[in-house]
Amino acid sequence: MPALSIHKYDKSNLNYIEDWTAISDIGDTFYGKVLTLEEYLRVENRYIQTINKILQLFNIDSLEVRELEKRSSIQSQKKENRLNYDQYQLFHQIDNGLLLTGKEIFEVARFNLREVLWCRLYSPRLQIHFGYDYYMYVQSMEEEKLEQCKEIIRENNLYYQEFSTSPYQMEEEDIAPYTYTWGNGQMNPSGDYHHDLRISKDNPLNRTYTEWSNFDEIENGLDWEEYQATEQKYLQLVLDFLELFQITKLVFNGLSLNKISELDVPTHYFSPQEKSLFQQLYEYEKYEETIQDWRIEVFTLRKENFSTFFKLMFKGIFTDWITNNSITIQFDASYRLYLSFYGHKKEVQKLVEKHGLYWQERQPPYHQAVGFR
């Protein structure tokens with residue numbers, strides 16, 4: 001797919017390689033002048049204006065976040081007062097699958113340019129990617145409009161280079177929406193569409209940086225009773241979710257476990273039932289590693305062990321996804337639960353609210369986990 005690389009470097013000047021390449025260069029000297037925040041922002045704004053004009057050209061008013069990677073440099077940005085309150089809030093709300101509109105698109109572009117996160121901005125007609133050293137890429141099959149983009153780039157005192165494809169082009173399987181083929185070959189029958197919900201214990205619109213997000217914080221000020229109450233909310237939601245879809249067993253073709261001792265949490269926080277089930281899982285994992293694939297028997301978890309298993313999952317013992325026909329369950333490193341399923345959207349949302357939790361329509365972080373095509 002044709003693409004344009006957009007950059008601030010005048011490559012007719014062979015000394016361009018000595019120019020600044022990141023916001024972290026503020027305060028250093030380039031071409032005999034100190035790079036100031038004001039000068040940095042002037043250049044950044046040229047990129048943002050270019051994006052704005054290109055979106056107007058394509059008549060596109062929204063872009064979707066794809067393959068998000070957040071980075072720790074957000075804290076240095078905040079410390080240096082380079083982010084306002086709204087930007088800081090948006091950073092914590094942004095996630096894969098989030099549809100950006102208006103000012104949000106430009107703020108997320110700034111985050112990419114400042115290297116506080118990386119993501120692709122996607123629509124079926126236009127993609128915007130960001131590379132190292134302050135490079136940006138626009139990609140589209142509409143070659144006539146890409147030609148018009150060149151004039152927009154020049155008007156904003158930037159430069160471009162033509163490519164047959166962006167180095168950050170999305171793979172075809174990542175572009176296609178996730179669907180499910182039913183027994184009769186029909187895709188997503190009417191009224192039974194695929195849904196993704198991200199479940200959190202904290203209100204995503206009012207989340208603060210001080211809220212706990214991992215089980216091991218039990219050794220760093222997290223109250224044990226508070227943890228247990230939250231765990232119970234998640235547990236009852238998952239049990240009700242499985243009951244709704246009439247699932248009485250879970251089958252695993254492979255396991256990926258963290259040892260209890262690796263969590264740096266005293267073992268007395270694990271019940272005897274949890275320790276016993278973990279040992280069963282651990283023995284299976286060791287067996288799996290030593291036996292040829294064709295000889296491995298699947299591990300089946302019965303309904304009576306669901307509660308114990310999910311408590312281990314919430315504590316970070318089990319790190320894979322769980323899938324069974326038309327549902328998938330995942331848990332991320334920030335104590336958030338992802339449910340993927342077909343149909344019953346309103347029923348699942350009501351279950352979440354019933355247990356005092358919050359939902360947002362978000363794709364799970366590990367797209368390959370959703371085995372629905």
# chains A, B, ... in the order shown; residues from 1 in each chain; ligands from 1

call {"tool": "residues_around", "arguments": {"residues": "A:Gln273", "least_positions_apart": "3", "cutoff": "8 Å", "atoms": "only C-alpha atoms", "output": "CSV table (one decimal) with C-alpha atoms, in the first residue's frame"}}
result
chain,number,residue,atom,x,y,z
A,276,SER,CA,-3.5,-27.8,45.6
A,277,LEU,CA,-4.9,-26.7,42.3
A,308,THR,CA,-10.3,-21.6,42.9

call {"tool": "closest_atom_pairs", "arguments": {"of": "stretch 10-108 of chain A", "to": "stretch 128-140 of chain A", "cutoff": "10 Å", "atoms": "only C-alpha atoms", "output": "CSV"}}
result
residue,atom,partner,partner_atom,distance
A:Asp19,CA,A:Asp133,CA,9.8
A:Trp20,CA,A:Asp133,CA,8.2
A:Thr21,CA,A:Asp133,CA,4.6
A:Ala22,CA,A:Asp133,CA,6.4
A:Ile23,CA,A:Tyr134,CA,9.3
A:Glu44,CA,A:Tyr134,CA,9.4
A:Tyr47,CA,A:Met136,CA,8.4
A:Ile51,CA,A:Ile128,CA,8.6
A:Ile54,CA,A:Val138,CA,9.0
A:Phe58,CA,A:Ser140,CA,9.9
A:Leu63,CA,A:Ile128,CA,9.0

call {"tool": "residues_around", "arguments": {"residues": "stretch 40-42 of chain A", "least_positions_apart": "3", "cutoff": "9 Å", "atoms": "only C-alpha atoms", "output": "number ranges by chain"}}
result
A: 22-23, 26, 35-37, 45-46

call {"tool": "closest_residue", "arguments": {"among": "A:Val108, A:Ser200, A:Val34, A:Glu67", "to": "A:Gln87", "atoms": "only C-alpha atoms"}}
result
A:Val108

call {"tool": "residues_around", "arguments": {"residues": "A:Phe270", "least_positions_apart": "2", "cutoff": "12 Å", "atoms": "only C-alpha atoms", "output": "list in words"}}
result
Phe215, Trp224, Gln228, Ile260, Ser261, Leu263, Val265, Pro266, Thr267, His268, Pro272, Gln273, Glu274, Lys275, Ser276, Leu277, Phe278, Thr308, Phe309, Lys311, Leu312, Met313, Phe314, Lys315, Gly316 and Ile317 of chain A

call {"tool": "closest_residue", "arguments": {"among": "A:Lys233, A:Arg154, A:Arg114, A:Lys350", "to": "A:Lys8", "atoms": "only C-alpha atoms"}}
result
A:Arg154

call {"tool": "atom_distance", "arguments": {"atom1": "atom CA of A:Ile48", "atom2": "atom CA of A:Ile60"}}
result
15.0 Å

call {"tool": "residues_around", "arguments": {"residues": "A:Ile247", "least_positions_apart": "5", "cutoff": "12 Å", "atoms": "only C-alpha atoms", "output": "count of residues only"}}
result
16

call {"tool": "closest_residue", "arguments": {"among": "A:Glu38, A:Glu147, A:Glu361, A:Glu225", "to": "A:Leu99", "atoms": "only C-alpha atoms"}}
result
A:Glu361

call {"tool": "select_by_dssp", "arguments": {"residues": "stretch 215-369 of chain A", "states": "strand (DSSP E)", "output": "list in words"}}
result
Lys249, Leu250, Val251, Phe252, Phe299, Thr300, Leu301, Arg302, Ile322, Thr323, Asn324, Ile327, Thr328, Ile329, Gln330, Phe331, Arg336, Leu337, Tyr338, Leu339, Ser340, Phe341, Tyr342, Tyr358, Trp359 and Gln360 of chain A

call {"tool": "write_last_selection", "arguments": {"atoms": "N, CA and C atoms", "output": "short mmCIF file (atom, residue, chain, number, x, y, z; two decimals), in the first residue's frame"}}
result
data_model
loop_
_atom_site.label_atom_id
_atom_site.label_comp_id
_atom_site.auth_asym_id
_atom_site.auth_seq_id
_atom_site.Cartn_x
_atom_site.Cartn_y
_atom_site.Cartn_z
N LYS A 249 -17.25 -26.63 31.84
CA LYS A 249 -15.86 -27.06 31.93
C LYS A 249 -15.01 -26.21 30.99
N LEU A 250 -13.74 -26.07 31.33
CA LEU A 250 -12.78 -25.35 30.51
C LEU A 250 -11.67 -26.31 30.13
N VAL A 251 -11.28 -26.31 28.87
CA VAL A 251 -10.27 -27.24 28.38
C VAL A 251 -9.05 -26.46 27.93
N PHE A 252 -7.85 -26.88 28.40
CA PHE A 252 -6.60 -26.21 28.08
C PHE A 252 -5.70 -27.14 27.28
N PHE A 299 -5.85 -30.56 29.50
CA PHE A 299 -6.18 -30.40 30.91
C PHE A 299 -7.60 -29.86 30.99
N THR A 300 -8.47 -30.56 31.68
CA THR A 300 -9.87 -30.17 31.79
C THR A 300 -10.17 -29.67 33.20
N LEU A 301 -10.70 -28.47 33.27
CA LEU A 301 -11.08 -27.88 34.55
C LEU A 301 -12.59 -27.95 34.70
N ARG A 302 -13.04 -28.63 35.73
CA ARG A 302 -14.47 -28.81 35.96
C ARG A 302 -15.07 -27.61 36.70
N ILE A 322 -8.24 -17.65 28.20
CA ILE A 322 -9.13 -18.81 28.29
C ILE A 322 -10.16 -18.66 27.18
N THR A 323 -10.31 -19.67 26.36
CA THR A 323 -11.29 -19.60 25.30
C THR A 323 -12.07 -20.90 25.24
N ASN A 324 -13.36 -20.78 24.97
CA ASN A 324 -14.23 -21.95 24.90
C ASN A 324 -15.36 -21.63 23.92
N ILE A 327 -16.66 -17.78 23.70
CA ILE A 327 -16.27 -16.80 24.72
C ILE A 327 -14.76 -16.86 24.93
N THR A 328 -14.20 -15.72 25.30
CA THR A 328 -12.79 -15.66 25.68
C THR A 328 -12.66 -14.80 26.92
N ILE A 329 -11.80 -15.22 27.86
CA ILE A 329 -11.56 -14.49 29.09
C ILE A 329 -10.06 -14.20 29.18
N GLN A 330 -9.72 -12.95 29.43
CA GLN A 330 -8.31 -12.56 29.60
C GLN A 330 -8.20 -11.64 30.81
N PHE A 331 -7.00 -11.57 31.34
CA PHE A 331 -6.75 -10.70 32.48
C PHE A 331 -5.40 -10.04 32.25
N ARG A 336 -7.31 -5.71 35.13
CA ARG A 336 -8.50 -5.50 34.31
C ARG A 336 -8.84 -6.81 33.60
N LEU A 337 -10.12 -7.06 33.50
CA LEU A 337 -10.65 -8.29 32.93
C LEU A 337 -11.23 -8.00 31.56
N TYR A 338 -10.96 -8.88 30.58
CA TYR A 338 -11.51 -8.73 29.24
C TYR A 338 -12.42 -9.92 28.93
N LEU A 339 -13.64 -9.62 28.52
CA LEU A 339 -14.59 -10.65 28.14
C LEU A 339 -14.95 -10.45 26.66
N SER A 340 -14.78 -11.50 25.86
CA SER A 340 -15.19 -11.49 24.46
C SER A 340 -16.25 -12.56 24.27
N PHE A 341 -17.31 -12.24 23.54
CA PHE A 341 -18.43 -13.17 23.47
C PHE A 341 -19.34 -12.80 22.30
N TYR A 342 -20.33 -13.63 22.05
CA TYR A 342 -21.29 -13.40 20.98
C TYR A 342 -22.69 -13.29 21.58
N TYR A 358 -16.97 -1.77 36.45
CA TYR A 358 -17.18 -0.84 35.33
C TYR A 358 -16.80 -1.51 34.02
N TRP A 359 -17.53 -1.21 32.95
CA TRP A 359 -17.21 -1.78 31.64
C TRP A 359 -17.02 -0.68 30.61
N GLN A 360 -16.15 -1.00 29.65
CA GLN A 360 -15.99 -0.19 28.45
C GLN A 360 -15.89 -1.15 27.27
#

call {"tool": "closest_residue", "arguments": {"among": "A:Ala333, A:Ala3, A:Ile17, A:Leu351", "to": "A:Tyr160", "atoms": "only C-alpha atoms"}}
result
A:Ala3
